[in-house]
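File shown: my_file.txt (compact mmCIF, C-alpha atoms).
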```
# COMPACT_ATOMS: atom_id res chain seq x y z
CA MET A 1 -2.04 18.90 -60.93
CA THR A 2 -2.76 21.78 -63.26
CA ALA A 3 -2.79 25.38 -62.08
CA GLY A 4 -6.56 25.44 -62.55
CA THR A 5 -7.02 22.35 -60.39
CA VAL A 6 -4.81 23.79 -57.67
CA ALA A 7 -6.73 27.07 -57.73
CA ALA A 8 -10.07 25.24 -57.57
CA ALA A 9 -8.88 23.14 -54.62
CA ALA A 10 -7.67 26.26 -52.84
CA GLY A 11 -11.01 27.97 -53.46
CA THR A 12 -12.88 24.96 -52.09
CA ALA A 13 -10.68 24.94 -48.99
CA VAL A 14 -11.32 28.66 -48.39
CA ARG A 15 -15.08 28.19 -48.77
CA GLY A 16 -15.03 25.19 -46.44
CA ARG A 17 -13.13 27.21 -43.85
CA ALA A 18 -15.58 30.08 -44.20
CA LEU A 19 -18.55 27.74 -43.67
CA ALA A 20 -16.89 26.31 -40.57
CA LEU A 21 -16.36 29.82 -39.20
CA ALA A 22 -19.99 30.66 -40.01
CA ALA A 23 -21.09 27.61 -38.02
CA LEU A 24 -18.96 28.85 -35.13
CA ALA A 25 -20.45 32.35 -35.21
CA ALA A 26 -24.09 31.29 -35.59
CA PRO A 27 -24.78 29.96 -32.05
CA ALA A 28 -22.89 32.91 -30.56
CA ALA A 29 -25.30 35.23 -32.36
CA ALA A 30 -28.28 33.14 -31.21
CA GLY A 31 -27.44 34.29 -27.70
CA VAL A 32 -28.62 37.78 -28.63
CA SER A 33 -32.10 36.79 -29.76
CA GLY A 34 -32.70 33.56 -27.86
CA PRO A 35 -34.42 35.14 -24.84
CA ALA A 36 -36.31 37.81 -26.84
CA LEU A 37 -39.70 36.09 -26.69
CA VAL A 38 -39.36 34.51 -23.24
CA VAL A 39 -38.62 37.68 -21.26
CA PRO A 40 -42.10 37.73 -19.63
CA GLU A 41 -41.74 34.08 -18.55
CA ALA A 42 -38.25 34.74 -17.19
CA ALA A 43 -39.49 37.82 -15.34
CA ALA A 44 -42.30 35.86 -13.67
CA SER A 45 -39.98 33.01 -12.69
CA LEU A 46 -37.26 35.31 -11.34
CA GLY A 47 -39.69 37.63 -9.54
CA VAL A 48 -38.70 40.79 -11.40
CA SER A 49 -40.53 43.16 -13.74
CA VAL A 50 -40.47 42.68 -17.50
CA PRO A 51 -38.34 45.84 -18.08
CA THR A 52 -35.86 44.53 -15.49
CA ALA A 53 -35.79 41.09 -17.15
CA THR A 54 -35.02 42.81 -20.48
CA TRP A 55 -31.53 43.28 -19.06
CA LEU A 56 -30.99 39.60 -19.86
CA LEU A 57 -30.87 40.76 -23.50
CA THR A 58 -29.11 44.07 -22.89
CA VAL A 59 -26.32 42.59 -20.75
CA PHE A 60 -25.49 40.18 -23.55
CA GLY A 61 -24.80 43.04 -25.92
CA ILE A 62 -22.78 44.84 -23.26
CA GLY A 63 -20.82 41.67 -22.50
CA MET A 64 -20.03 41.15 -26.17
CA ALA A 65 -19.03 44.80 -26.56
CA ALA A 66 -16.74 44.58 -23.52
CA GLY A 67 -15.37 41.17 -24.48
CA THR A 68 -14.51 42.14 -28.04
CA PRO A 69 -11.55 44.45 -27.34
CA LEU A 70 -10.30 42.19 -24.54
CA LEU A 71 -10.31 39.05 -26.66
CA THR A 72 -9.03 40.95 -29.69
CA ALA A 73 -6.02 41.94 -27.58
CA ALA A 74 -5.63 38.34 -26.38
CA GLY A 75 -5.74 37.19 -29.99
CA ARG A 76 -2.82 39.45 -30.88
CA ARG A 77 -0.75 37.62 -28.26
CA SER A 78 -1.85 34.00 -28.71
CA GLY A 79 -3.51 33.92 -32.12
CA PRO A 80 -7.06 32.89 -33.00
CA GLY A 81 -6.54 29.46 -31.41
CA GLY A 82 -5.97 31.04 -28.01
CA THR A 83 -8.98 33.29 -28.49
CA LEU A 84 -11.17 30.27 -29.23
CA ARG A 85 -9.97 28.38 -26.15
CA THR A 86 -10.65 31.38 -23.91
CA ALA A 87 -14.06 31.88 -25.50
CA ALA A 88 -15.01 28.24 -24.92
CA ALA A 89 -14.06 28.45 -21.24
CA LEU A 90 -16.14 31.61 -20.76
CA VAL A 91 -19.17 30.11 -22.50
CA VAL A 92 -19.06 26.92 -20.44
CA ALA A 93 -18.72 28.90 -17.19
CA GLY A 94 -21.60 31.21 -18.14
CA THR A 95 -23.81 28.27 -19.09
CA ALA A 96 -23.20 26.59 -15.74
CA LEU A 97 -24.04 29.80 -13.89
CA VAL A 98 -27.33 30.32 -15.76
CA LEU A 99 -28.51 26.72 -15.53
CA PHE A 100 -27.47 25.74 -12.03
CA VAL A 101 -27.39 28.88 -9.85
CA PRO A 102 -30.81 30.34 -8.96
CA GLY A 103 -31.71 34.04 -8.95
CA PHE A 104 -31.72 37.00 -11.30
CA ALA A 105 -28.19 38.13 -10.40
CA ALA A 106 -26.74 34.73 -11.32
CA ALA A 107 -28.64 34.66 -14.60
CA LEU A 108 -27.38 38.15 -15.40
CA ALA A 109 -23.78 37.28 -14.54
CA GLY A 110 -23.98 34.06 -16.53
CA ARG A 111 -25.30 35.91 -19.55
CA ALA A 112 -22.40 38.37 -19.28
CA LEU A 113 -19.87 35.49 -19.30
CA LEU A 114 -21.67 33.83 -22.19
CA ALA A 115 -21.55 37.12 -24.08
CA ALA A 116 -17.82 37.57 -23.53
CA GLY A 117 -17.24 34.04 -24.82
CA ALA A 118 -19.52 34.65 -27.80
CA ALA A 119 -17.51 37.79 -28.53
CA GLY A 120 -14.38 35.66 -28.65
CA PHE A 121 -15.92 33.28 -31.15
CA ASN A 122 -17.10 36.24 -33.21
CA VAL A 123 -13.69 37.97 -33.12
CA ALA A 124 -11.79 34.84 -34.15
CA ALA A 125 -14.26 34.01 -36.91
CA PHE A 126 -14.15 37.48 -38.48
CA GLN A 127 -10.38 37.86 -38.09
CA LEU A 128 -9.76 34.57 -39.86
CA ALA A 129 -12.40 35.31 -42.49
CA GLY A 130 -11.03 38.84 -42.98
CA ARG A 131 -7.81 37.39 -44.38
CA ASP A 132 -9.76 36.54 -47.53
CA ARG A 133 -9.48 39.95 -49.16
CA SER A 134 -12.39 39.28 -51.55
CA GLY A 135 -14.81 39.83 -48.67
CA ARG A 136 -16.72 36.65 -49.47
CA SER A 137 -15.48 34.70 -46.45
CA ALA A 138 -16.49 37.56 -44.18
CA GLY A 139 -19.81 37.65 -46.01
CA LEU A 140 -20.43 33.95 -45.30
CA VAL A 141 -19.54 34.43 -41.63
CA ALA A 142 -21.86 37.44 -41.48
CA ILE A 143 -24.66 35.36 -42.97
CA GLY A 144 -23.93 32.57 -40.47
CA SER A 145 -24.08 35.09 -37.65
CA ALA A 146 -27.34 36.53 -39.00
CA VAL A 147 -28.81 33.04 -39.44
CA GLY A 148 -27.93 32.22 -35.85
CA GLY A 149 -29.38 35.46 -34.59
CA THR A 150 -32.63 34.96 -36.44
CA ALA A 151 -32.95 31.24 -35.73
CA GLY A 152 -32.42 32.09 -32.06
CA LEU A 153 -35.86 33.70 -32.01
CA PHE A 154 -37.57 30.39 -32.77
CA GLY A 155 -34.93 28.25 -31.05
CA GLY A 156 -35.23 30.17 -27.79
CA ALA A 157 -39.03 30.04 -27.85
CA ALA A 158 -39.03 26.32 -28.71
CA VAL A 159 -36.48 25.40 -26.03
CA ALA A 160 -38.41 27.42 -23.45
CA ALA A 161 -41.67 25.71 -24.40
CA GLY A 162 -40.19 22.21 -24.58
CA VAL A 163 -37.66 22.30 -21.74
CA ASP A 164 -37.23 25.47 -19.70
CA TRP A 165 -36.83 29.20 -20.30
CA ARG A 166 -33.26 29.04 -18.99
CA GLY A 167 -32.30 26.99 -22.03
CA ALA A 168 -33.14 29.97 -24.22
CA LEU A 169 -30.41 31.94 -22.42
CA VAL A 170 -27.55 29.53 -23.14
CA LEU A 171 -27.78 28.90 -26.90
CA PRO A 172 -24.16 30.10 -27.45
CA VAL A 173 -22.93 26.88 -25.82
CA LEU A 174 -23.61 25.23 -29.19
CA SER A 175 -20.57 27.09 -30.55
CA VAL A 176 -18.38 24.83 -28.43
CA ALA A 177 -19.65 21.86 -30.44
CA ALA A 178 -18.73 23.68 -33.68
CA LEU A 179 -15.09 23.99 -32.58
CA GLY A 180 -14.44 20.48 -33.87
CA TRP A 181 -15.08 21.71 -37.41
CA VAL A 182 -12.78 24.71 -36.99
CA ARG A 183 -9.44 22.98 -36.64
CA GLY A 184 -6.07 23.75 -38.08
CA PRO A 185 -4.93 27.03 -39.60
CA ALA A 186 -6.74 28.87 -42.33
CA PRO A 187 -5.69 27.71 -45.83
CA ASP A 188 -4.17 31.07 -46.64
CA ALA A 189 -2.80 32.16 -43.27
CA PRO A 190 -0.96 30.50 -40.38
CA ASP A 191 -2.74 30.27 -37.04
CA SER A 192 -0.20 32.47 -35.31
CA PRO A 193 -0.16 36.00 -33.94
CA ARG A 194 0.32 38.83 -36.38
CA PRO A 195 3.06 41.41 -35.79
CA ARG A 196 2.22 43.44 -32.74
CA PRO A 197 0.86 46.82 -33.87
CA ALA A 198 2.25 50.10 -32.72
CA ARG A 199 0.94 51.64 -29.51
CA ASP A 200 -1.15 54.16 -31.42
CA GLY A 201 -2.77 51.48 -33.61
CA THR A 202 -6.24 52.10 -32.21
CA ALA A 203 -5.92 55.85 -32.64
CA THR A 204 -4.67 55.38 -36.21
CA ALA A 205 -7.68 53.21 -37.04
CA LEU A 206 -10.09 55.68 -35.47
CA ARG A 207 -8.62 58.52 -37.54
CA SER A 208 -9.20 56.61 -40.77
CA PRO A 209 -12.17 58.05 -42.74
CA ALA A 210 -12.89 54.61 -44.23
CA PHE A 211 -13.04 53.08 -40.77
CA ARG A 212 -15.22 55.82 -39.29
CA SER A 213 -17.79 55.69 -42.09
CA SER A 214 -17.92 51.88 -42.09
CA ALA A 215 -18.15 51.55 -38.32
CA GLY A 216 -20.67 54.39 -38.00
CA LEU A 217 -23.03 52.84 -40.53
CA MET A 218 -22.60 49.44 -38.90
CA LEU A 219 -23.50 50.91 -35.49
CA VAL A 220 -26.73 52.42 -36.85
CA LEU A 221 -27.80 49.30 -38.73
CA SER A 222 -26.99 47.05 -35.78
CA THR A 223 -28.98 49.21 -33.37
CA VAL A 224 -31.97 49.16 -35.71
CA ASN A 225 -31.71 45.42 -36.33
CA PHE A 226 -31.50 44.31 -32.72
CA GLY A 227 -34.10 46.81 -31.62
CA LEU A 228 -36.47 45.30 -34.19
CA MET A 229 -35.42 41.80 -33.18
CA TYR A 230 -36.81 42.59 -29.72
CA ALA A 231 -39.81 44.73 -30.65
CA GLY A 232 -40.79 43.51 -34.13
CA PRO A 233 -41.94 39.97 -33.26
CA ARG A 234 -43.87 41.26 -30.24
CA ARG A 235 -45.77 43.75 -32.38
CA ALA A 236 -46.42 41.17 -35.10
CA GLY A 237 -47.65 38.66 -32.52
CA GLU A 238 -50.01 41.21 -30.99
CA LEU A 239 -51.41 42.20 -34.40
CA ALA A 240 -51.99 38.58 -35.46
CA GLY A 241 -52.84 37.05 -32.08
CA TRP A 242 -50.06 34.45 -32.32
CA GLY A 243 -48.55 32.51 -29.43
CA VAL A 244 -44.88 32.75 -28.49
CA VAL A 245 -43.64 29.73 -30.48
CA GLN A 246 -45.69 30.66 -33.53
CA THR A 247 -44.44 34.24 -33.37
CA GLY A 248 -40.86 33.02 -33.04
CA ALA A 249 -41.24 30.73 -36.04
CA PHE A 250 -42.66 33.41 -38.35
CA ALA A 251 -40.19 36.04 -37.15
CA ALA A 252 -37.26 33.66 -37.63
CA VAL A 253 -38.36 32.77 -41.17
CA ALA A 254 -38.66 36.44 -42.14
CA ALA A 255 -35.30 37.41 -40.68
CA LEU A 256 -33.63 34.26 -42.02
CA ALA A 257 -34.84 35.04 -45.53
CA GLY A 258 -33.32 38.50 -45.22
CA ALA A 259 -30.03 37.09 -43.95
CA LEU A 260 -29.76 34.61 -46.82
CA LEU A 261 -30.69 37.19 -49.44
CA SER A 262 -27.92 39.44 -48.12
CA TRP A 263 -25.48 37.27 -50.07
CA LEU A 264 -26.84 38.90 -53.24
CA LEU A 265 -25.84 42.33 -51.93
CA VAL A 266 -22.42 41.00 -50.87
CA ARG A 267 -21.77 39.53 -54.31
CA ALA A 268 -22.96 42.72 -55.99
CA ARG A 269 -20.79 44.81 -53.63
CA ALA A 270 -23.73 47.07 -52.78
CA ARG A 271 -22.90 50.68 -51.94
CA PRO A 272 -23.22 51.92 -48.34
CA TRP A 273 -26.15 54.17 -49.28
CA VAL A 274 -28.11 51.07 -50.33
CA LEU A 275 -27.54 49.56 -46.89
CA ALA A 276 -28.56 52.81 -45.16
CA CYS A 277 -31.78 52.98 -47.19
CA GLY A 278 -32.49 49.38 -46.22
CA GLY A 279 -32.24 50.25 -42.54
CA ALA A 280 -34.56 53.23 -42.93
CA LEU A 281 -37.11 51.16 -44.86
CA ALA A 282 -36.99 48.46 -42.17
CA VAL A 283 -37.88 50.96 -39.43
CA ALA A 284 -40.76 52.38 -41.47
CA LEU A 285 -42.25 48.95 -42.19
CA ALA A 286 -41.85 47.53 -38.68
CA ALA A 287 -43.06 50.62 -36.83
CA GLY A 288 -45.86 51.67 -39.15
CA GLY A 289 -47.05 48.43 -40.72
CA PRO A 290 -50.74 47.76 -39.97
CA TRP A 291 -50.45 43.99 -40.49
CA ALA A 292 -48.16 41.38 -39.00
CA TRP A 293 -46.64 40.41 -42.34
CA VAL A 294 -45.60 44.01 -43.00
CA VAL A 295 -43.92 44.22 -39.60
CA LEU A 296 -42.06 40.96 -40.26
CA LEU A 297 -41.09 42.21 -43.71
CA GLY A 298 -39.44 45.13 -41.94
CA SER A 299 -37.51 42.71 -39.74
CA GLY A 300 -36.42 40.79 -42.82
CA VAL A 301 -35.21 43.92 -44.60
CA SER A 302 -33.28 44.91 -41.48
CA SER A 303 -31.64 41.48 -41.31
CA LEU A 304 -30.72 41.72 -44.98
CA ALA A 305 -29.13 45.17 -44.63
CA THR A 306 -27.27 44.29 -41.41
CA ALA A 307 -25.85 40.96 -42.63
CA ALA A 308 -24.77 42.52 -45.92
CA ALA A 309 -23.14 45.39 -44.03
CA GLN A 310 -21.11 42.99 -41.88
CA GLY A 311 -19.84 41.24 -44.98
CA LEU A 312 -19.15 44.35 -47.04
CA LEU A 313 -17.98 46.80 -44.39
CA THR A 314 -15.65 44.49 -42.43
CA GLY A 315 -13.11 44.67 -45.23
CA ALA A 316 -13.92 48.29 -46.05
CA SER A 317 -13.08 49.31 -42.48
CA THR A 318 -9.42 48.34 -43.04
CA GLU A 319 -8.93 50.26 -46.30
CA GLY A 320 -5.90 52.54 -46.24
CA LEU A 321 -4.50 50.97 -43.05
CA PRO A 322 -1.25 49.00 -42.85
CA GLU A 323 -1.71 45.23 -42.65
CA GLU A 324 -0.54 45.00 -39.06
CA LEU A 325 -3.53 47.16 -38.03
CA HIS A 326 -6.18 45.16 -39.91
CA ASP A 327 -7.04 42.92 -36.95
CA THR A 328 -7.27 45.99 -34.71
CA ALA A 329 -9.63 47.68 -37.16
CA VAL A 330 -11.78 44.55 -37.50
CA GLY A 331 -11.99 44.27 -33.73
CA LEU A 332 -13.05 47.90 -33.40
CA PHE A 333 -15.54 47.49 -36.23
CA ASN A 334 -17.09 44.52 -34.42
CA PHE A 335 -17.16 46.62 -31.26
CA ALA A 336 -19.33 49.18 -33.09
CA PHE A 337 -21.62 46.37 -34.23
CA LEU A 338 -21.90 45.05 -30.67
CA VAL A 339 -22.68 48.44 -29.20
CA GLY A 340 -25.74 48.28 -31.43
CA VAL A 341 -26.50 44.79 -30.14
CA ALA A 342 -26.67 46.21 -26.62
CA ALA A 343 -28.33 49.51 -27.49
CA GLY A 344 -31.05 48.12 -29.76
CA PRO A 345 -33.10 46.12 -27.22
CA ALA A 346 -32.58 48.76 -24.50
CA LEU A 347 -33.79 51.51 -26.81
CA ALA A 348 -36.76 49.43 -28.01
CA SER A 349 -37.71 48.53 -24.44
CA ALA A 350 -37.57 52.20 -23.40
CA LEU A 351 -39.75 53.25 -26.34
CA LEU A 352 -42.31 50.51 -25.62
CA SER A 353 -42.55 51.11 -21.86
```
Show me this structure written as structure tokens.
Amino acid sequence: MTAGTVAAAAGTAVRGRALALAALAAPAAAGVSGPALVVPEAAASLGVSVPTATWLLTVFGIGMAAGTPLLTAAGRRSGPGGTLRTAAALVVAGTALVLFVPGFAAALAGRALLAAGAAGFNVAAFQLAGRDRSGRSAGLVAIGSAVGGTAGLFGGAAVAAGVDWRGALVLPVLSVAALGWVRGPAPDAPDSPRPRPARDGTATALRSPAFRSSAGLMLVLSTVNFGLMYAGPRRAGELAGWGVVQTGAFAAVAALAGALLSWLLVRARARPWVLACGGALAVALAAGGPWAWVVLLGSGVSSLATAAAQGLLTGASTEGLPEELHDTAVGLFNFAFLVGVAAGPALASALLS
């Protein structure tokens, strides 16, 4: 084989691995948005108020934020394979709790377990993708995550309408099915633990200016995105008079278009200020738009900026750090993203109440 053929085969293998990791991350992200449009139905069934039922969204973000550092630490000991096995067990346990144990407390606890498992899938996917220093693998995983998060809007509404609202709460269980595609080590890195970082690894990462700027921007964009994921479709539906499934379909299409278009920003290596402007524009369109399509355009712009930021800033967050701290930095970066996942719906719910 010629050198060119070998390089092409290696590139194909890396892209195939990235697509598999994207498929793993997508259902995990769907857990964030899946219940967004069925909160009133869940509230009525569980006998709680709508603001109380909104905790079914908020607890997922909290669970992912809490699960990220725990499963990142586990991954340093047992490698991504161990992280994936732990994540699968948590997701299956959470699914069983939501589907088969009645009551709001059980649903809340199940969502927390599902979130911790989803965090594990997310951590493993981005750690493996982050070993491609071009940033393109991380970009594909970010797009997969964004696609899952946006498709969850329609998927959750459709499952609730066709089966039961509880099904909208357990969409991350689909990640378990994707594990069959993610098998064997990454083409460019063994599936084994990296050298254990020094005790002050977290502090070193937090002191890094590159990490702080990347994680700070990711936190802001994530908070905006998931706040709009909760509030945007509701406002659009009210303006247009759509039903839940119709609202979910239109909202998912808008956000999905933004997620897919984010690849253009990843390939162009867009500057952070472009991403920040995208987040600001999204808020202006979604909050002030007088028509449903303007509100949904805001959601799409937010999805575009957030997905591009995950792809571009994951690698940027490790700049200037020794290689043994890269996984730590990626885990902390994802923690910042997940704080926004939790804060966004809670903030939107508070502003709307």
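Distances to Ala336 of chain A were evaluated for A:Leu217, A:Val173, A:Val48, A:Val141 using all atoms listed in the file, and the minimum falls at A:Leu217.
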>> To one decimal place in Å, what is the distance between atom CA of Leu57 of chain A and atom CA of Gly31 of chain A?
In response: 8.4 Å
> Which polymer residues, protein or nucleic acid, are no farther than 9 Å from (-39.5, 48.2, -23.3), counting all atoms listed in the file, as a VMD selection string?
Replying inline: chain A and resid 50 to 51 54 230 to 231 345 to 353
>> For a cutoff of 7 Å around the file-coordinate point (-19.0, 26.7, -23.2), which residues qualify once you count all atoms listed in the file? I'd like the result as number ranges by chain.
In response: A: 88-93, 95, 173, 176
> What is the atom CA of Ala157 of chain A-atom CA of Asn334 of chain A distance in Å, reported with one decimal?
Replying inline: 27.1 Å
>> Let me make sure I understand: among A:Ala161, A:Val220, A:Leu171, A:Ile143, which one has the smallest atom-to-atom distance to Ala257 of chain A if we use only C-alpha atoms?
In response: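 When distances to Ala257 of chain A are compared using only C-alpha atoms, the smallest one comes from A:Ile143.
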